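Novice: File upload35.cif below, mmCIF, C-alpha atoms:
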```cif
data_coords
#
loop_
_atom_site.label_atom_id
_atom_site.label_comp_id
_atom_site.auth_asym_id
_atom_site.auth_seq_id
_atom_site.Cartn_x
_atom_site.Cartn_y
_atom_site.Cartn_z
CA MET A 84 145.93 172.66 88.00
CA SER A 85 143.57 175.18 89.57
CA ASP A 86 144.95 178.03 91.62
CA SER A 87 144.87 177.13 95.34
CA HIS A 88 142.67 180.18 96.06
CA SER A 89 139.86 178.52 94.09
CA LEU A 90 139.82 175.43 96.30
CA SER A 91 137.56 175.12 99.31
CA HIS A 92 138.89 174.66 102.83
CA ARG A 93 138.03 170.95 102.76
CA GLU A 94 139.71 170.50 99.40
CA LEU A 95 142.86 172.24 100.61
CA GLU A 96 142.89 170.00 103.69
CA LEU A 97 142.72 166.89 101.51
CA VAL A 98 145.52 168.10 99.23
CA ASP A 99 147.66 168.81 102.30
CA ALA A 100 146.87 165.35 103.67
CA LEU A 101 147.99 163.78 100.39
CA ARG A 102 151.27 165.70 100.58
CA ARG A 103 151.87 164.49 104.14
CA LEU A 104 151.10 160.90 103.09
CA GLY A 105 153.73 160.97 100.37
CA GLY A 106 151.59 162.14 97.46
CA SER A 107 149.05 159.33 97.27
CA ALA A 108 146.62 157.59 99.58
CA ARG A 109 143.57 155.40 99.80
CA SER A 110 140.23 156.98 100.64
CA ALA A 111 140.10 155.12 103.97
CA GLU A 112 143.45 156.62 105.01
CA LEU A 113 142.33 160.12 104.12
CA ALA A 114 139.02 159.70 105.93
CA ARG A 115 140.80 158.72 109.16
CA MET A 116 143.37 161.48 108.82
CA LEU A 117 140.74 164.17 108.21
CA ASP A 118 138.16 162.67 110.60
CA VAL A 119 135.43 162.60 107.97
CA SER A 120 133.48 159.87 106.20
CA GLU A 121 134.84 158.02 103.18
CA GLU A 122 131.89 159.34 101.21
CA THR A 123 132.99 162.91 102.02
CA VAL A 124 136.51 162.02 100.89
CA ARG A 125 135.22 160.53 97.64
CA ARG A 126 133.16 163.65 96.90
CA THR A 127 136.15 165.89 97.64
CA ILE A 128 138.44 163.79 95.46
CA LYS A 129 135.91 163.97 92.63
CA ALA A 130 135.86 167.77 92.86
CA LEU A 131 139.66 167.99 93.05
CA ASN A 132 140.00 165.63 90.10
CA LYS A 133 137.70 167.88 88.06
CA ALA A 134 139.78 170.91 89.10
CA GLY A 135 142.97 169.12 88.04
CA ALA A 136 144.49 169.16 91.53
CA VAL A 137 144.53 165.38 92.02
CA GLN A 138 144.28 162.26 89.89
CA ARG A 139 141.53 159.93 91.00
CA VAL A 140 142.15 156.17 91.01
CA HIS A 141 139.89 153.38 92.21
CA GLY A 142 139.90 153.53 96.00
CA GLY A 143 141.97 156.69 96.35
CA ALA A 144 143.88 159.51 94.69
CA PHE A 145 147.32 160.97 94.06
CA LEU A 146 148.51 164.52 93.57
CA ALA A 147 148.47 165.79 90.00
CA GLY A 148 151.64 166.99 88.33
CA PRO A 149 154.64 165.72 86.37
CA GLN A 150 155.91 163.53 89.23
CA SER A 151 152.55 162.55 90.69
CA ALA A 152 151.85 159.19 89.06
CA THR A 153 153.86 157.34 91.67
CA SER A 154 154.58 153.67 91.56
CA PHE A 155 152.50 153.18 94.70
CA ALA A 156 149.53 155.12 93.33
CA ARG A 157 149.42 152.91 90.27
CA ARG A 158 149.87 149.68 92.20
CA ILE A 159 147.29 150.42 94.89
CA SER A 160 144.62 150.77 92.19
CA GLU A 161 145.39 147.39 90.60
CA ASN A 162 143.88 144.00 91.59
CA GLN A 163 142.18 145.47 94.64
CA LYS A 164 139.73 142.61 95.23
CA GLU A 165 142.52 140.07 95.10
CA LYS A 166 144.73 142.10 97.43
CA ALA A 167 141.88 142.52 99.90
CA ARG A 168 141.37 138.73 100.01
CA ILE A 169 145.09 138.14 100.46
CA ALA A 170 145.21 140.69 103.27
CA ALA A 171 142.27 139.10 105.10
CA LEU A 172 144.01 135.73 104.95
CA ALA A 173 147.36 137.11 106.09
CA ALA A 174 145.75 138.91 109.03
CA ARG A 175 144.49 135.57 110.38
CA TYR A 176 148.13 134.67 111.04
CA VAL A 177 148.67 137.72 113.25
CA ARG A 178 147.84 137.43 116.94
CA ASP A 179 147.23 140.30 119.35
CA GLY A 180 150.47 141.55 120.87
CA MET A 181 152.78 140.29 118.11
CA ALA A 182 155.82 142.23 116.92
CA LEU A 183 155.87 142.48 113.17
CA PHE A 184 157.34 144.30 110.19
CA LEU A 185 155.30 145.68 107.31
CA ASP A 186 156.92 147.01 104.15
CA VAL A 187 155.77 149.56 101.57
CA GLY A 188 153.96 147.16 99.24
CA SER A 189 150.46 147.89 97.98
CA THR A 190 149.23 144.48 99.16
CA THR A 191 150.83 145.19 102.53
CA ALA A 192 148.76 148.38 102.69
CA PHE A 193 145.65 146.20 102.56
CA VAL A 194 147.15 144.00 105.31
CA ALA A 195 147.62 147.08 107.50
CA GLU A 196 143.94 147.88 107.11
CA GLU A 197 142.99 144.35 108.20
CA LEU A 198 145.31 144.59 111.21
CA ARG A 199 143.23 147.41 112.67
CA GLN A 200 141.11 144.59 114.08
CA LYS A 201 144.07 143.45 116.20
CA SER A 202 145.31 145.02 119.42
CA GLY A 203 148.57 145.58 121.24
CA LEU A 204 150.72 145.11 118.15
CA ILE A 205 154.31 146.31 117.94
CA VAL A 206 154.60 147.37 114.32
CA VAL A 207 157.91 148.25 112.71
CA THR A 208 157.51 149.75 109.25
CA ASN A 209 159.10 151.93 106.60
CA SER A 210 155.66 152.66 105.10
CA ILE A 211 153.99 156.01 105.69
CA GLY A 212 150.60 154.44 105.01
CA ALA A 213 151.04 151.47 107.35
CA ALA A 214 152.25 153.74 110.14
CA GLN A 215 149.32 156.12 109.65
CA THR A 216 146.82 153.24 109.55
CA LEU A 217 147.94 151.50 112.74
CA ALA A 218 149.41 154.17 115.02
CA SER A 219 147.39 155.12 118.12
CA HIS A 220 144.79 152.42 117.47
CA ASN A 221 143.83 149.55 119.79
CA GLY A 222 146.97 149.98 121.87
CA ASN A 223 149.34 149.46 118.95
CA ARG A 224 152.88 150.81 119.15
CA VAL A 225 154.29 151.84 115.77
CA HIS A 226 157.99 152.37 115.08
CA PHE A 227 158.56 154.25 111.81
CA LEU A 228 162.01 153.67 110.39
CA GLY A 229 164.21 156.61 109.47
CA GLY A 230 166.34 156.80 106.36
CA GLU A 231 166.00 158.28 102.91
CA MET A 232 162.42 158.98 101.86
CA HIS A 233 161.38 157.58 98.48
CA SER A 234 158.21 159.48 97.66
CA ASN A 235 157.29 157.12 94.81
CA GLU A 236 157.08 154.26 97.31
CA ARG A 237 155.79 156.31 100.26
CA GLY A 238 158.52 154.94 102.49
CA THR A 239 162.06 155.10 103.82
CA PHE A 240 165.07 153.07 102.73
CA GLY A 241 168.84 152.86 103.05
CA TYR A 242 171.47 152.40 105.74
CA VAL A 243 169.65 154.21 108.54
CA ALA A 244 166.43 152.25 108.01
CA GLU A 245 168.35 148.97 107.88
CA GLN A 246 170.33 149.69 111.06
CA GLN A 247 167.22 150.70 112.99
CA LEU A 248 165.39 147.57 111.82
CA ARG A 249 168.25 145.36 113.06
CA ARG A 250 167.52 146.49 116.62
CA PHE A 251 164.17 144.65 116.66
CA SER A 252 163.33 141.01 117.34
CA LEU A 253 160.19 140.28 115.33
CA ASP A 254 157.63 137.49 115.41
CA LEU A 255 156.68 138.01 111.77
CA ALA A 256 157.72 140.04 108.73
CA ILE A 257 155.03 140.55 106.09
CA LEU A 258 156.71 141.52 102.84
CA SER A 259 155.68 142.34 99.31
CA ALA A 260 157.75 141.64 96.20
CA ASP A 261 157.74 142.67 92.55
CA ALA A 262 158.13 139.17 91.13
CA VAL A 263 158.92 135.59 92.07
CA SER A 264 161.18 133.14 90.29
CA ALA A 265 161.28 129.35 90.59
CA LYS A 266 165.08 129.64 90.47
CA GLN A 267 165.85 132.71 92.62
CA GLY A 268 162.81 133.31 94.81
CA VAL A 269 161.29 136.75 95.43
CA LEU A 270 162.62 139.63 93.33
CA TYR A 271 162.51 143.43 93.49
CA HIS A 272 162.96 146.29 91.05
CA SER A 273 164.66 148.38 93.75
CA ALA A 274 167.98 147.31 95.26
CA GLU A 275 167.16 149.28 98.43
CA GLU A 276 163.81 147.54 98.85
CA ALA A 277 165.41 144.13 98.28
CA GLN A 278 168.07 144.86 100.90
CA LEU A 279 165.57 146.05 103.50
CA ALA A 280 163.49 142.92 102.90
CA CYS A 281 166.58 140.80 103.55
CA VAL A 282 167.23 142.62 106.83
CA ALA A 283 163.59 142.16 107.88
CA ALA A 284 163.86 138.43 107.17
CA GLU A 285 166.97 138.20 109.36
CA CYS A 286 165.14 139.88 112.26
CA ALA A 287 161.95 137.80 112.12
CA GLN A 288 161.04 134.35 113.41
CA LYS A 289 158.77 133.88 110.41
CA VAL A 290 158.60 135.59 107.01
CA ALA A 291 155.46 135.91 104.87
CA ILE A 292 155.19 137.17 101.32
CA ALA A 293 151.88 138.76 100.27
CA MET A 294 151.60 138.80 96.48
CA ALA A 295 148.80 138.89 93.91
CA HIS A 296 148.98 136.39 91.04
CA PRO A 297 149.98 138.78 88.17
CA LYS A 298 153.46 138.99 89.68
CA PHE A 299 154.03 135.29 88.99
CA ALA A 300 154.61 136.29 85.35
CA ASP A 301 156.89 139.26 86.14
CA THR A 302 160.62 139.52 86.63
CA ALA A 303 162.94 141.95 88.43
CA PRO A 304 166.74 142.28 88.81
CA HIS A 305 167.31 142.24 92.58
CA CYS A 306 167.03 139.17 94.83
CA GLY A 307 165.20 139.40 98.11
CA PRO A 308 165.47 137.14 101.18
CA GLU A 309 166.92 133.66 100.73
CA PRO A 310 163.91 131.53 99.75
CA ARG A 311 164.33 129.05 102.60
CA ARG A 312 163.86 131.89 105.10
CA ILE A 313 160.30 132.37 103.85
CA SER A 314 157.59 130.52 105.77
CA VAL A 315 154.46 131.24 103.74
CA LEU A 316 153.27 132.82 100.51
CA PHE A 317 149.84 134.45 100.62
CA THR A 318 148.35 134.78 97.17
CA ASP A 319 145.05 134.57 95.31
CA GLN A 320 145.71 131.89 92.65
CA ASP A 321 147.65 128.68 92.28
CA PRO A 322 151.23 129.66 91.35
CA GLY A 323 151.52 126.97 88.67
CA LYS A 324 153.34 123.65 88.61
CA LYS A 325 156.93 124.88 88.30
CA LEU A 326 156.71 127.56 90.97
CA THR A 327 154.63 125.37 93.29
CA HIS A 328 157.35 122.71 93.10
CA ALA A 329 160.08 125.26 93.87
CA LEU A 330 158.15 126.67 96.83
CA ALA A 331 157.67 123.18 98.24
CA GLU A 332 161.39 122.46 97.83
CA TRP A 333 162.20 125.61 99.81
CA GLY A 334 159.72 124.70 102.54
CA VAL A 335 157.40 127.61 101.72
CA LYS A 336 153.73 126.97 102.46
CA THR A 337 151.34 128.40 99.86
CA GLU A 338 148.07 129.83 101.18
CA ILE A 339 145.54 130.79 98.52
CA ALA A 340 142.83 133.35 99.32
CA LEU A 341 139.88 132.20 97.26
CA PRO A 342 136.72 134.30 96.93
CA GLY A 343 134.55 133.88 99.98
CA LYS A 344 137.09 131.69 101.78
CA THR A 345 138.92 134.18 104.03
CA GLY A 346 136.22 135.06 106.51
#
```
Please rewrite the model in this file as C-alpha cells.
Specialist:
Amino acid sequence: MSDSHSLSHRELELVDALRRLGGSARSAELARMLDVSEETVRRTIKALNKAGAVQRVHGGAFLAGPQSATSFARRISENQKEKARIAALAARYVRDGMALFLDVGSTTAFVAEELRQKSGLIVVTNSIGAAQTLASHNGNRVHFLGGEMHSNERGTFGYVAEQQLRRFSLDLAILSADAVSAKQGVLYHSAEEAQLACVAAECAQKVAIAMAHPKFADTAPHCGPEPRRISVLFTDQDPGKKLTHALAEWGVKTEIALPGKTG
C-alpha cells in the first residue's frame, strides 16, 4: 500500500470514508458522504486501486489489507442487476411513514437505496450502510442499533442490539438470508445474524425476505425466523418445484422481479 503522504486530499477523504463505513462501500454511498459525484468517486477509487490503498469491485470498493476482503464487500459485488430488481420490487411494498427494520444484507443495501424515494420512514437497522443511506433524507428517522460491531458485515449484533430492537413495533422487517431450505426455511452462516433476524420477525407485523436466486442452492447451519412468520419472498427467479411447494405450505407469497417488470 502506498504511504499516506503520497495520496491526495480527495483520496485520503475517500479512504477515511471507507473506514467510517466499516471498510467497504458502494460508490453511491461514498458520493453522498463526500458530497461529490459518483464519477468523481469512481475516478478516485481507480487511482487508489492503482496505488494499492483500496480494492475496487463492481459498484464500489473496500480497503486493501489482510482483513479487507470482507464478506459484505464480496457479496455487494455479486448479482448486482438481480439485487437491484429485487430491491425495486420490495420498495413497492413500503409506504411513506412506515416503521421498518433493515438488516445488513447486500440485497438489503439495494433496498435502502430504493427507499430514498420514500418519506417519513422510521427505520430501525443494524447496518451502517442502510443508516447512512436513509438518515436525514425526506424526513426519515433512523435508529441505529447498538451492540458488538462486526466489521465484516458492516453492522452490529448481540444482546444489546436484540434488546434495543425489542422496544420497537414495526410494520415490516426486510431481511436477507444466506440460504433457504424447503425443510427448515431461511438459514444463516452467523448465529448472531440468525438470532437478530428472529427478534426482528417477532417485532414486525409482516416479514419479507429479499434473496437472489443463487442462494436457493446454498446451505447454512443456523435457522432464522420460523417460516410461517414470513409473509413474502422477493427474488429474481422461480425457486423451483420443491421450494415453491414448501413456501406455499408456510403461507409465504413469492414475488419474482423479472427484467423490466418492477417499474
Novice: Hey, what's within 8 Å of region 224-230 of chain A if we count all atoms listed in the file and toss same-chain stuff fewer than 2 positions away? As a PDB file with C-alpha atoms, in the coordinates of the input, please?
Specialist:
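Saved result, part37.pdb, follows:
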```pdb
ATOM      1  CA  GLY A 203     148.570 145.580 121.240  1.00  0.00           C
ATOM      2  CA  LEU A 204     150.720 145.110 118.150  1.00  0.00           C
ATOM      3  CA  ILE A 205     154.310 146.310 117.940  1.00  0.00           C
ATOM      4  CA  VAL A 206     154.600 147.370 114.320  1.00  0.00           C
ATOM      5  CA  VAL A 207     157.910 148.250 112.710  1.00  0.00           C
ATOM      6  CA  THR A 208     157.510 149.750 109.250  1.00  0.00           C
ATOM      7  CA  ASN A 209     159.100 151.930 106.600  1.00  0.00           C
ATOM      8  CA  SER A 210     155.660 152.660 105.100  1.00  0.00           C
ATOM      9  CA  ILE A 211     153.990 156.010 105.690  1.00  0.00           C
ATOM     10  CA  ALA A 214     152.250 153.740 110.140  1.00  0.00           C
ATOM     11  CA  LEU A 217     147.940 151.500 112.740  1.00  0.00           C
ATOM     12  CA  ALA A 218     149.410 154.170 115.020  1.00  0.00           C
ATOM     13  CA  SER A 219     147.390 155.120 118.120  1.00  0.00           C
ATOM     14  CA  GLY A 222     146.970 149.980 121.870  1.00  0.00           C
ATOM     15  CA  MET A 232     162.420 158.980 101.860  1.00  0.00           C
ATOM     16  CA  THR A 239     162.060 155.100 103.820  1.00  0.00           C
ATOM     17  CA  PHE A 240     165.070 153.070 102.730  1.00  0.00           C
ATOM     18  CA  GLY A 241     168.840 152.860 103.050  1.00  0.00           C
ATOM     19  CA  TYR A 242     171.470 152.400 105.740  1.00  0.00           C
ATOM     20  CA  VAL A 243     169.650 154.210 108.540  1.00  0.00           C
ATOM     21  CA  ALA A 244     166.430 152.250 108.010  1.00  0.00           C
ATOM     22  CA  GLN A 247     167.220 150.700 112.990  1.00  0.00           C
ATOM     23  CA  LEU A 248     165.390 147.570 111.820  1.00  0.00           C
TER      24      LEU A 248
END
```
Novice: Of the residues A:Pro297, A:Gly323, A:Gly143, A:Gly105, which is the one nearest to Glu165 (chain A), using only C-alpha atoms?
Specialist: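 Of A:Pro297, A:Gly323, A:Gly143, A:Gly105, the one nearest Glu165 (chain A) is A:Pro297, counting only C-alpha atoms.
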Novice: As a PyMOL selection string, please: the residues near region 326-331 of chain A (cut-off 10 Å, all atoms listed in the file, same-chain neighbours under 2 positions excluded).
Specialist: chain A and resi 263-268+299+310-311+313-316+321-324+333-337
Novice: Name the residues captured by the PyMOL selection byres ((chain A and resi 295) around 7) when it is applied to the shown file; answer as a ChimeraX atom specification.
Specialist: /A:165-166,294,296-298,318-319
Novice: Apply the PyMOL selection byres ((chain A and resi 163) around 12) to the structure shown and report the selected residues as a PDB file with C-alpha atoms, keeping the file's coordinate frame.
Specialist:
```pdb
ATOM      1  CA  ARG A 109     143.570 155.400  99.800  1.00  0.00           C
ATOM      2  CA  VAL A 140     142.150 156.170  91.010  1.00  0.00           C
ATOM      3  CA  HIS A 141     139.890 153.380  92.210  1.00  0.00           C
ATOM      4  CA  GLY A 142     139.900 153.530  96.000  1.00  0.00           C
ATOM      5  CA  GLY A 143     141.970 156.690  96.350  1.00  0.00           C
ATOM      6  CA  ARG A 157     149.420 152.910  90.270  1.00  0.00           C
ATOM      7  CA  ARG A 158     149.870 149.680  92.200  1.00  0.00           C
ATOM      8  CA  ILE A 159     147.290 150.420  94.890  1.00  0.00           C
ATOM      9  CA  SER A 160     144.620 150.770  92.190  1.00  0.00           C
ATOM     10  CA  GLU A 161     145.390 147.390  90.600  1.00  0.00           C
ATOM     11  CA  ASN A 162     143.880 144.000  91.590  1.00  0.00           C
ATOM     12  CA  LYS A 164     139.730 142.610  95.230  1.00  0.00           C
ATOM     13  CA  GLU A 165     142.520 140.070  95.100  1.00  0.00           C
ATOM     14  CA  LYS A 166     144.730 142.100  97.430  1.00  0.00           C
ATOM     15  CA  ALA A 167     141.880 142.520  99.900  1.00  0.00           C
ATOM     16  CA  ARG A 168     141.370 138.730 100.010  1.00  0.00           C
ATOM     17  CA  ILE A 169     145.090 138.140 100.460  1.00  0.00           C
ATOM     18  CA  ALA A 170     145.210 140.690 103.270  1.00  0.00           C
ATOM     19  CA  SER A 189     150.460 147.890  97.980  1.00  0.00           C
ATOM     20  CA  THR A 190     149.230 144.480  99.160  1.00  0.00           C
ATOM     21  CA  THR A 191     150.830 145.190 102.530  1.00  0.00           C
ATOM     22  CA  ALA A 192     148.760 148.380 102.690  1.00  0.00           C
ATOM     23  CA  PHE A 193     145.650 146.200 102.560  1.00  0.00           C
ATOM     24  CA  VAL A 194     147.150 144.000 105.310  1.00  0.00           C
ATOM     25  CA  MET A 294     151.600 138.800  96.480  1.00  0.00           C
ATOM     26  CA  ALA A 295     148.800 138.890  93.910  1.00  0.00           C
ATOM     27  CA  HIS A 296     148.980 136.390  91.040  1.00  0.00           C
ATOM     28  CA  ASP A 319     145.050 134.570  95.310  1.00  0.00           C
TER      29      ASP A 319
END
```
Novice: Can you measure CA of Asp254 (chain A) to CA of Val282 (chain A) for me? One decimal in Å is fine.
Specialist: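 Result for CA of Asp254 (chain A) versus CA of Val282 (chain A): 13.9 Å, one decimal.
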Novice: In Å, with one decimal, what is the gap from CA of Val98 (chain A) to CA of Gln138 (chain A)?
Specialist: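 Interatomic distance here is 11.1 Å.
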Novice: Here is a test: counting only C-alpha atoms, which residue of A:Pro342, A:Ser202, A:Leu146, A:Ala284 is nearest to Met181 (chain A)?
Specialist: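 The answer is A:Ser202, which sits nearest to Met181 (chain A).
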Novice: Suppose a student applies the PyMOL selection byres ((chain A and resi 126) around 12) to this structure; what residues should they get, written as a PyMOL selection string?
Specialist: chain A and resi 93-94+97+110+114+119-125+127-133+139+143-144
Novice: Figure out the distance between CA of Gln320 (chain A) and CA of Ala171 (chain A), please, to one decimal in Å.
Specialist: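 These atoms are spaced 14.8 Å apart.
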